[in-house]
file my_file.csv (CSV, C-alpha atoms)
chain,number,residue,atom,x,y,z
A,26,MET,CA,58.4,16.2,-20.8
A,27,ASP,CA,59.8,18.3,-17.9
A,28,PHE,CA,57.1,19.2,-15.4
A,29,SER,CA,59.5,20.4,-12.7
A,30,ARG,CA,58.0,23.9,-12.7
A,31,HIS,CA,54.7,22.4,-11.5
A,32,PHE,CA,56.5,21.2,-8.3
A,33,PRO,CA,56.3,24.5,-6.3
A,34,ILE,CA,52.5,24.6,-7.0
A,35,ILE,CA,51.3,21.0,-6.7
A,36,GLY,CA,54.4,19.3,-5.3
A,37,ILE,CA,56.2,16.2,-6.6
A,38,GLU,CA,53.4,13.9,-5.2
A,39,GLY,CA,50.8,16.0,-7.0
A,40,GLN,CA,52.6,15.7,-10.3
A,41,ARG,CA,53.0,12.0,-9.7
A,42,LYS,CA,49.2,11.7,-9.2
A,43,LEU,CA,48.5,13.6,-12.4
A,44,GLY,CA,51.1,11.4,-14.3
A,45,GLU,CA,49.3,8.2,-13.1
A,46,SER,CA,45.8,9.5,-14.0
A,47,LYS,CA,44.1,8.5,-17.2
A,48,VAL,CA,42.0,11.1,-19.1
A,49,ALA,CA,39.8,10.5,-22.1
A,50,VAL,CA,39.3,13.3,-24.5
A,51,VAL,CA,36.2,12.7,-26.7
A,52,GLY,CA,36.8,14.5,-30.0
A,53,ALA,CA,40.1,15.6,-31.6
A,54,GLY,CA,39.0,18.8,-33.3
A,55,ALA,CA,39.9,22.3,-32.4
A,56,LEU,CA,39.0,21.7,-28.7
A,57,GLY,CA,40.6,18.2,-28.4
A,58,SER,CA,43.9,18.9,-30.2
A,59,TRP,CA,46.0,21.6,-31.8
A,60,GLU,CA,45.5,21.9,-35.5
A,61,VAL,CA,47.6,19.7,-37.8
A,62,ILE,CA,47.1,19.8,-41.5
A,63,GLY,CA,47.3,16.7,-43.7
A,64,LYS,CA,47.2,13.9,-41.1
A,65,PRO,CA,44.5,12.4,-38.9
A,66,LYS,CA,44.7,14.1,-35.5
A,67,VAL,CA,44.3,10.9,-33.6
A,68,ASP,CA,47.5,9.6,-35.3
A,69,VAL,CA,49.3,12.9,-34.5
A,70,LEU,CA,48.4,12.7,-30.9
A,71,LYS,CA,49.6,9.1,-30.8
A,72,GLU,CA,52.9,10.1,-32.3
A,73,LYS,CA,53.5,13.2,-30.2
A,74,PHE,CA,52.2,12.0,-26.8
A,75,GLY,CA,51.9,8.2,-27.0
A,76,VAL,CA,48.2,8.3,-26.2
A,77,LYS,CA,45.7,5.7,-27.2
A,78,GLY,CA,43.5,6.8,-30.0
A,79,TYR,CA,40.3,5.4,-31.5
A,80,PHE,CA,38.6,6.2,-34.8
A,81,GLU,CA,35.3,5.5,-33.3
A,82,ASP,CA,32.0,7.3,-33.1
A,83,LEU,CA,31.0,7.6,-29.4
A,84,ASN,CA,27.5,6.2,-28.9
A,85,PRO,CA,25.8,3.7,-26.6
A,86,SER,CA,27.5,0.8,-28.3
A,87,THR,CA,31.0,2.2,-27.9
A,88,VAL,CA,31.0,4.0,-24.5
A,89,ALA,CA,33.0,1.1,-23.1
A,90,LEU,CA,36.1,2.8,-24.6
A,91,LEU,CA,35.8,5.2,-21.7
A,92,ASN,CA,36.1,2.5,-19.0
A,93,GLU,CA,39.9,3.0,-18.5
A,94,ALA,CA,39.5,6.8,-17.9
A,95,ASP,CA,39.6,8.5,-14.5
A,96,LEU,CA,38.2,11.6,-16.0
A,97,ILE,CA,36.6,12.6,-19.3
A,98,ILE,CA,37.0,15.9,-21.2
A,99,ASP,CA,34.5,17.0,-23.8
A,100,GLY,CA,36.0,17.9,-27.2
A,101,THR,CA,32.9,17.1,-29.2
A,102,ASP,CA,30.7,19.4,-31.3
A,103,ASN,CA,27.2,18.2,-30.6
A,104,ILE,CA,24.6,17.9,-27.8
A,105,TYR,CA,23.7,14.3,-28.4
A,106,THR,CA,27.2,13.0,-27.8
A,107,ARG,CA,27.5,15.1,-24.7
A,108,GLN,CA,24.3,13.5,-23.3
A,109,VAL,CA,25.7,10.1,-24.0
A,110,ILE,CA,28.9,11.0,-22.1
A,111,ASN,CA,26.8,12.4,-19.3
A,112,ASP,CA,24.7,9.3,-18.9
A,113,TYR,CA,27.8,7.1,-19.0
A,114,ALA,CA,29.7,9.3,-16.5
A,115,VAL,CA,26.8,9.6,-14.0
A,116,LYS,CA,26.0,5.9,-14.2
A,117,ASN,CA,29.7,5.0,-13.6
A,118,GLY,CA,30.5,7.7,-11.1
A,119,LYS,CA,33.2,9.3,-13.3
A,120,PRO,CA,33.8,13.1,-13.4
A,121,TRP,CA,33.8,14.9,-16.7
A,122,ILE,CA,34.1,18.4,-18.1
A,123,TYR,CA,31.6,19.9,-20.6
A,124,VAL,CA,33.3,22.3,-23.0
A,125,GLY,CA,31.4,24.3,-25.7
A,126,VAL,CA,32.7,27.0,-28.0
A,127,LEU,CA,31.1,29.2,-30.7
A,128,SER,CA,32.0,32.5,-32.4
A,129,THR,CA,33.9,34.4,-29.7
A,130,TYR,CA,32.8,32.7,-26.6
A,131,GLY,CA,33.1,29.5,-24.6
A,132,ASN,CA,31.3,27.5,-21.8
A,133,ILE,CA,33.0,25.1,-19.4
A,134,MET,CA,31.3,23.1,-16.7
A,135,PRO,CA,32.8,20.5,-14.4
A,136,ILE,CA,30.5,17.6,-13.6
A,137,ILE,CA,31.2,15.3,-10.6
A,138,PRO,CA,28.5,12.7,-10.1
A,139,GLY,CA,26.9,12.9,-6.7
A,140,LYS,CA,28.4,16.4,-6.0
A,141,THR,CA,27.6,18.8,-8.8
A,142,ALA,CA,24.8,19.2,-11.2
A,143,CYS,CA,25.1,17.0,-14.3
A,144,PHE,CA,24.7,18.0,-17.9
A,145,ARG,CA,21.0,17.0,-17.9
A,146,CYS,CA,20.4,19.3,-15.0
A,147,PHE,CA,21.8,22.0,-17.3
A,148,MET,CA,20.1,20.8,-20.5
A,149,PRO,CA,17.3,18.3,-19.7
A,150,LYS,CA,16.7,17.1,-23.2
A,151,LEU,CA,17.8,17.5,-26.8
A,152,PRO,CA,16.8,20.8,-28.3
A,153,SER,CA,13.8,20.6,-30.7
A,154,ARG,CA,15.4,23.2,-32.9
A,155,PRO,CA,18.8,23.1,-34.5
A,156,MET,CA,21.6,24.5,-32.3
A,157,PRO,CA,24.1,27.0,-33.8
A,158,THR,CA,27.4,25.3,-34.9
A,159,CYS,CA,30.9,26.6,-35.6
A,160,ALA,CA,30.5,25.7,-39.2
A,161,MET,CA,27.4,27.9,-39.5
A,162,ALA,CA,28.1,30.7,-37.0
A,163,GLY,CA,31.9,30.6,-37.3
A,164,ILE,CA,34.6,30.7,-34.5
A,165,MET,CA,37.7,32.7,-33.8
A,166,SER,CA,40.8,30.5,-33.8
A,167,TYR,CA,41.9,31.6,-30.3
A,168,VAL,CA,38.7,30.6,-28.6
A,169,PRO,CA,39.1,26.8,-28.5
A,170,PRO,CA,42.6,26.8,-26.9
A,171,LEU,CA,41.4,29.2,-24.2
A,172,ALA,CA,38.4,27.0,-23.4
A,173,ALA,CA,40.6,23.9,-23.5
A,174,SER,CA,43.1,25.4,-21.1
A,175,ILE,CA,40.4,26.2,-18.6
A,176,ALA,CA,39.0,22.7,-18.9
A,177,VAL,CA,42.5,21.2,-18.3
A,178,ALA,CA,42.9,23.4,-15.2
A,179,LEU,CA,39.6,22.1,-13.8
A,180,ALA,CA,40.7,18.5,-14.7
A,181,ALA,CA,43.9,18.9,-12.7
A,182,LYS,CA,42.0,20.2,-9.7
A,183,ILE,CA,39.6,17.3,-9.8
A,184,LEU,CA,42.3,14.7,-10.2
A,185,LEU,CA,44.3,16.2,-7.3
A,186,GLY,CA,41.2,16.0,-5.1
A,187,GLU,CA,40.6,19.7,-4.9
A,188,ASP,CA,37.1,21.1,-4.6
A,189,VAL,CA,35.3,22.5,-7.7
A,190,LYS,CA,32.0,24.3,-7.7
A,191,SER,CA,28.8,23.3,-9.5
A,192,GLU,CA,29.0,26.2,-11.9
A,193,LEU,CA,29.2,27.2,-15.6
A,194,ILE,CA,32.2,29.2,-16.5
A,195,PHE,CA,31.5,31.6,-19.4
A,196,PHE,CA,33.8,33.8,-21.3
A,197,ASP,CA,33.5,36.1,-24.3
A,198,THR,CA,36.7,37.2,-26.0
A,199,LYS,CA,35.0,40.0,-27.9
A,200,THR,CA,34.1,41.8,-24.7
A,201,LEU,CA,36.7,40.1,-22.5
A,202,ASP,CA,34.0,39.2,-20.0
A,203,PHE,CA,34.4,36.2,-17.7
A,204,GLU,CA,31.4,35.0,-15.6
A,205,LYS,CA,30.6,32.1,-13.3
A,206,VAL,CA,27.0,31.0,-13.0
A,207,GLU,CA,25.9,28.6,-10.3
A,208,VAL,CA,24.1,25.5,-11.8
A,209,PRO,CA,22.1,23.7,-9.0
A,210,ARG,CA,21.2,20.1,-9.2
A,211,ARG,CA,17.7,19.6,-10.4
A,212,GLU,CA,15.5,17.7,-8.0
A,213,ASP,CA,13.7,16.1,-10.9
A,214,CYS,CA,16.8,15.4,-13.0
A,215,PRO,CA,16.1,12.0,-14.7
A,216,ALA,CA,19.9,11.2,-14.8
A,217,CYS,CA,21.7,12.1,-11.6
A,218,VAL,CA,18.6,12.0,-9.4
A,219,GLY,CA,16.3,9.5,-11.1
A,220,GLY,CA,18.9,7.1,-12.4
A,221,GLU,CA,17.4,7.0,-15.9
A,222,PHE,CA,20.1,6.9,-18.6
A,223,THR,CA,18.0,7.5,-21.6
A,224,PHE,CA,20.9,8.4,-23.9
A,225,LEU,CA,22.6,5.1,-23.3
A,226,GLU,CA,19.5,3.7,-25.2
A,227,LYS,CA,18.5,6.4,-27.7
A,228,ARG,CA,20.9,7.0,-30.5
A,229,ILE,CA,21.0,8.8,-33.9
A,230,LYS,CA,19.7,6.3,-36.5
A,231,ILE,CA,22.0,6.1,-39.6
A,232,GLU,CA,20.9,3.8,-42.5
A,233,ARG,CA,21.9,3.3,-46.1
A,234,LEU,CA,19.0,3.8,-48.5
A,235,CYS,CA,18.4,1.8,-51.7
A,236,ASP,CA,20.0,4.5,-54.0
A,237,GLY,CA,23.2,4.5,-51.9
A,238,SER,CA,22.5,7.7,-50.0
A,239,ILE,CA,22.7,7.8,-46.2
A,240,GLN,CA,19.8,8.9,-44.0
A,241,VAL,CA,20.4,10.3,-40.6
A,242,THR,CA,17.4,10.5,-38.2
A,243,PRO,CA,17.8,12.3,-34.8
A,244,PRO,CA,16.9,10.5,-31.6
A,245,GLU,CA,14.1,13.0,-31.1
A,246,LYS,CA,12.0,14.9,-33.6
A,247,MET,CA,13.2,18.4,-34.3
A,248,ASP,CA,11.5,21.5,-35.7
A,249,VAL,CA,13.8,23.0,-38.3
A,250,ASN,CA,13.1,26.5,-39.4
A,251,LEU,CA,13.8,26.2,-43.1
A,252,GLU,CA,13.8,30.0,-43.7
A,253,GLU,CA,16.4,30.6,-41.1
A,254,LEU,CA,18.5,27.6,-42.3
A,255,GLY,CA,18.3,29.1,-45.8
A,256,LYS,CA,19.7,32.4,-44.6
A,257,GLN,CA,22.6,30.7,-42.9
A,258,LEU,CA,23.4,28.8,-46.1
A,259,GLU,CA,23.3,32.1,-48.0
A,260,ASN,CA,25.8,33.5,-45.6
A,261,LEU,CA,28.1,30.5,-46.4
A,262,GLY,CA,27.7,31.2,-50.1
A,263,LEU,CA,25.7,28.0,-50.7
A,264,GLU,CA,22.8,27.9,-53.2
A,265,TYR,CA,19.8,25.9,-52.2
A,266,LEU,CA,16.3,24.8,-53.2
A,267,LYS,CA,13.6,25.2,-50.5
A,268,THR,CA,10.1,23.7,-50.4
A,269,SER,CA,7.6,23.7,-47.5
A,270,GLN,CA,9.0,20.4,-46.2
A,271,PHE,CA,12.7,20.3,-46.9
A,272,ILE,CA,15.7,22.3,-48.1
A,273,GLN,CA,18.3,20.9,-50.6
A,274,PHE,CA,21.8,22.1,-51.2
A,275,GLU,CA,25.3,20.9,-52.1
A,276,ASP,CA,28.4,21.0,-49.8
A,277,GLU,CA,31.5,20.1,-51.9
A,278,ASP,CA,30.9,16.5,-53.0
A,279,TYR,CA,27.7,16.0,-51.0
A,280,GLU,CA,24.1,16.6,-51.9
A,281,ILE,CA,22.1,17.2,-48.7
A,282,LEU,CA,18.4,17.3,-48.0
A,283,ILE,CA,17.2,18.5,-44.6
A,284,PHE,CA,13.6,17.9,-43.6
A,285,LYS,CA,11.6,20.0,-41.1
A,286,SER,CA,11.7,17.0,-38.7
A,287,GLY,CA,15.5,17.1,-38.6
A,288,ARG,CA,15.9,14.0,-40.8
A,289,MET,CA,18.8,14.4,-43.2
A,290,VAL,CA,19.5,12.5,-46.4
A,291,ILE,CA,23.1,12.7,-47.8
A,292,ARG,CA,24.2,11.6,-51.3
A,293,GLY,CA,27.9,11.2,-51.9
A,294,ALA,CA,28.9,10.1,-48.4
A,295,GLU,CA,30.8,6.8,-48.3
A,296,GLU,CA,30.9,6.2,-44.5
A,297,GLU,CA,28.4,6.7,-41.6
A,298,ARG,CA,31.0,8.9,-39.9
A,299,GLU,CA,30.9,11.4,-42.8
A,300,ALA,CA,27.1,11.5,-42.5
A,301,LYS,CA,27.1,12.1,-38.8
A,302,ASN,CA,29.7,14.9,-39.1
A,303,LEU,CA,27.5,16.6,-41.7
A,304,PHE,CA,24.5,16.3,-39.4
A,305,ALA,CA,26.4,17.9,-36.6
A,306,ARG,CA,27.7,20.6,-38.9
A,307,TYR,CA,24.2,21.8,-40.0
A,308,LEU,CA,21.9,20.8,-37.2
A,309,GLY,CA,24.2,20.8,-34.2
A,310,GLY,CA,23.0,17.4,-33.0
call {"tool": "encode", "arguments": {"input": "my_file.csv", "output": "structure tokens"}}
result
Amino acid sequence: MDFSRHFPIIGIEGQRKLGESKVAVVGAGALGSWEVIGKPKVDVLKEKFGVKGYFEDLNPSTVALLNEADLIIDGTDNIYTRQVINDYAVKNGKPWIYVGVLSTYGNIMPIIPGKTACFRCFMPKLPSRPMPTCAMAGIMSYVPPLAASIAVALAAKILLGEDVKSELIFFDTKTLDFEKVEVPRREDCPACVGGEFTFLEKRIKIERLCDGSIQVTPPEKMDVNLEELGKQLENLGLEYLKTSQFIQFEDEDYEILIFKSGRMVIRGAEEEREAKNLFARYLGG
């Protein structure tokens, strides 16, 4: 690829530095890649750009995949994986960039261990209630590439040794508002101050039950509002059965039960990856 037009801005040496840097993108969905229909996106990225790609779930047992990276960019869709990335990055002194999108807006935050606030300063623990997801709340197609472009711009600044501030960049394409909010380091942050890397130990528990279904248990107990979840399912055109303790519905070939505690049982899933993706889709974890 011809990057000569970068030279007047960052110089030949700056471009060389970027070319020699290694960046890990965790997640190859709308944030982590352009849409390609009919082929696994990891394979497409390998073919087009010659990058290394892994069909792996990022969790405490697989974070070593990030060891080669000089910087990490978040292309995930759930808070739990971001906390795993944060604990790994802070522990190993690697910068990373949090990116979140939903509906018409996006959030981007650079995290440089020892200099800026970390993700646990921003979100100290997993939410007890389900977080909204793109599958449930929707998203405009032009939002992910805008958020990704801002993240890449921050990544370039970090890799070139330029200063970045400890702040959250927020934009809303509906109102065309752009804001920057300072995020200070928390004096009581268990990760970047206390050196406690809880999410390198805690993990979502996924197990196969006797009837062949897969059970997903969040690392911390949740408090699912079944009434609210039912309304969201109605908006998606899904029929459901609701009791005082769980809600049951079908999503294509899957039969799903979600309990008030956040525990999910999926019938029809063949692999653990499918189960975790469904968990992230409906509970945002």
call {"tool": "atom_distance", "arguments": {"input": "my_file.csv", "atom1": "atom CA of A:Lys119", "atom2": "atom CA of A:Leu151"}}
result
22.1 Å
call {"tool": "closest_residue", "arguments": {"input": "my_file.csv", "among": "A:Arg30, A:Lys285, A:Arg145, A:Arg233", "to": "A:Ile110", "atoms": "only C-alpha atoms"}}
result
A:Arg145
call {"tool": "atom_distance", "arguments": {"input": "my_file.csv", "atom1": "atom CA of A:Lys182", "atom2": "atom CA of A:Pro215"}}
result
27.6 Å
call {"tool": "residues_around", "arguments": {"input": "my_file.csv", "residues": "stretch 46-56 of chain A", "least_positions_apart": "5", "cutoff": "6 Å", "atoms": "all atoms listed in the file", "output": "list in words"}}
result
Ala94, Asp95, Leu96, Ile97, Ile98, Asp99, Gly100, Thr101, Pro169 and Ala173 of chain A
call {"tool": "closest_residue", "arguments": {"input": "my_file.csv", "among": "A:Pro157, A:Gly163, A:Gly57, A:Pro135", "to": "A:Ala178", "atoms": "all atoms listed in the file"}}
result
A:Pro135
call {"tool": "atom_distance", "arguments": {"input": "my_file.csv", "atom1": "atom CA of A:Glu297", "atom2": "atom CA of A:Lys230"}}
result
10.1 Å
call {"tool": "closest_residue", "arguments": {"input": "my_file.csv", "among": "A:Ile229, A:Val218, A:Ala300, A:Ile272", "to": "A:Ile104", "atoms": "only C-alpha atoms"}}
result
A:Ile229
call {"tool": "closest_residue", "arguments": {"input": "my_file.csv", "among": "A:Ile281, A:Val124, A:Val206, A:Leu185", "to": "A:Leu258", "atoms": "only C-alpha atoms"}}
result
A:Ile281
call {"tool": "closest_residue", "arguments": {"input": "my_file.csv", "among": "A:Ala162, A:Thr87, A:Pro149, A:Glu81", "to": "A:Glu221", "atoms": "all atoms listed in the file"}}
result
A:Pro149
call {"tool": "residues_around", "arguments": {"input": "my_file.csv", "residues": "stretch 235-251 of chain A", "least_positions_apart": "2", "cutoff": "9 Å", "atoms": "only C-alpha atoms", "output": "MDAnalysis selection string"}}
result
chainID A and resid 105 151:155 224 227:233 253:256 267:272 283:297 300:301 304 308 310
call {"tool": "closest_residue", "arguments": {"input": "my_file.csv", "among": "A:Gly78, A:Pro170, A:Gly118, A:Pro33", "to": "A:Gly131", "atoms": "only C-alpha atoms"}}
result
A:Pro170
call {"tool": "residues_near_point", "arguments": {"input": "my_file.csv", "point": "(31.1, 37.6, -22.3)", "cutoff": "12 Å", "atoms": "only C-alpha atoms", "output": "list in words"}}
result
Leu127, Ser128, Thr129, Tyr130, Gly131, Asn132, Ile194, Phe195, Phe196, Asp197, Thr198, Lys199, Thr200, Leu201, Asp202, Phe203, Glu204 and Lys205 of chain A
call {"tool": "residues_around", "arguments": {"input": "my_file.csv", "residues": "A:Phe144", "least_positions_apart": "4", "cutoff": "9 Å", "atoms": "all atoms listed in the file", "output": "mmCIF file with C-alpha atoms, in the coordinates of the input"}}
result
data_model
loop_
_atom_site.group_PDB
_atom_site.id
_atom_site.type_symbol
_atom_site.label_atom_id
_atom_site.label_comp_id
_atom_site.auth_asym_id
_atom_site.auth_seq_id
_atom_site.Cartn_x
_atom_site.Cartn_y
_atom_site.Cartn_z
ATOM 1 C CA ARG A 107 27.500 15.100 -24.700
ATOM 2 C CA GLN A 108 24.300 13.500 -23.300
ATOM 3 C CA ASN A 111 26.800 12.400 -19.300
ATOM 4 C CA ASP A 112 24.700 9.300 -18.900
ATOM 5 C CA TYR A 123 31.600 19.900 -20.600
ATOM 6 C CA MET A 134 31.300 23.100 -16.700
ATOM 7 C CA ILE A 136 30.500 17.600 -13.600
ATOM 8 C CA MET A 148 20.100 20.800 -20.500
ATOM 9 C CA PRO A 149 17.300 18.300 -19.700
ATOM 10 C CA ALA A 216 19.900 11.200 -14.800
#
call {"tool": "residues_near_point", "arguments": {"input": "my_file.csv", "point": "(45.3, 18.0, -12.5)", "cutoff": "12 Å", "atoms": "all atoms listed in the file", "output": "PyMOL selection string"}}
result
chain A and resi 31+34-36+38-48+95-96+174-189
call {"tool": "build_atoms", "arguments": {"input": "my_file.csv", "residues": "stretch 188-206 of chain A", "atoms": "N, CA and C atoms", "output": "compact mmCIF listing (two decimals), keeping the file's coordinate frame"}}
result
# COMPACT_ATOMS: atom_id res chain seq x y z
N ASP A 188 38.48 20.82 -4.43
CA ASP A 188 37.10 21.10 -4.60
C ASP A 188 36.84 21.96 -5.87
N VAL A 189 35.78 21.65 -6.59
CA VAL A 189 35.30 22.50 -7.70
C VAL A 189 33.83 22.75 -7.45
N LYS A 190 33.37 23.88 -7.90
CA LYS A 190 32.00 24.30 -7.70
C LYS A 190 31.09 23.81 -8.79
N SER A 191 29.80 23.69 -8.48
CA SER A 191 28.80 23.30 -9.50
C SER A 191 28.42 24.63 -10.21
N GLU A 192 29.19 24.98 -11.21
CA GLU A 192 29.00 26.20 -11.90
C GLU A 192 29.42 26.16 -13.34
N LEU A 193 28.83 27.01 -14.15
CA LEU A 193 29.20 27.20 -15.60
C LEU A 193 30.12 28.36 -15.68
N ILE A 194 31.28 28.15 -16.28
CA ILE A 194 32.20 29.20 -16.50
C ILE A 194 32.01 29.72 -17.95
N PHE A 195 31.72 31.00 -18.10
CA PHE A 195 31.50 31.60 -19.40
C PHE A 195 32.46 32.68 -19.71
N PHE A 196 32.97 32.72 -20.94
CA PHE A 196 33.80 33.80 -21.30
C PHE A 196 33.47 34.28 -22.76
N ASP A 197 33.70 35.55 -23.01
CA ASP A 197 33.50 36.10 -24.30
C ASP A 197 34.73 36.92 -24.70
N THR A 198 35.49 36.47 -25.67
CA THR A 198 36.70 37.20 -26.00
C THR A 198 36.49 38.47 -26.73
N LYS A 199 35.27 38.69 -27.21
CA LYS A 199 35.00 40.00 -27.90
C LYS A 199 34.87 41.09 -26.85
N THR A 200 34.25 40.80 -25.73
CA THR A 200 34.10 41.80 -24.70
C THR A 200 35.07 41.63 -23.54
N LEU A 201 35.80 40.49 -23.56
CA LEU A 201 36.70 40.10 -22.50
C LEU A 201 35.98 39.93 -21.15
N ASP A 202 34.73 39.51 -21.23
CA ASP A 202 34.00 39.20 -20.00
C ASP A 202 34.17 37.77 -19.61
N PHE A 203 34.30 37.55 -18.32
CA PHE A 203 34.40 36.20 -17.70
C PHE A 203 33.30 36.17 -16.63
N GLU A 204 32.47 35.14 -16.65
CA GLU A 204 31.40 35.00 -15.60
C GLU A 204 31.36 33.57 -15.13
N LYS A 205 30.87 33.44 -13.89
CA LYS A 205 30.60 32.10 -13.30
C LYS A 205 29.13 32.12 -12.89
N VAL A 206 28.40 31.12 -13.35
CA VAL A 206 27.00 31.00 -13.00
C VAL A 206 26.73 29.71 -12.29
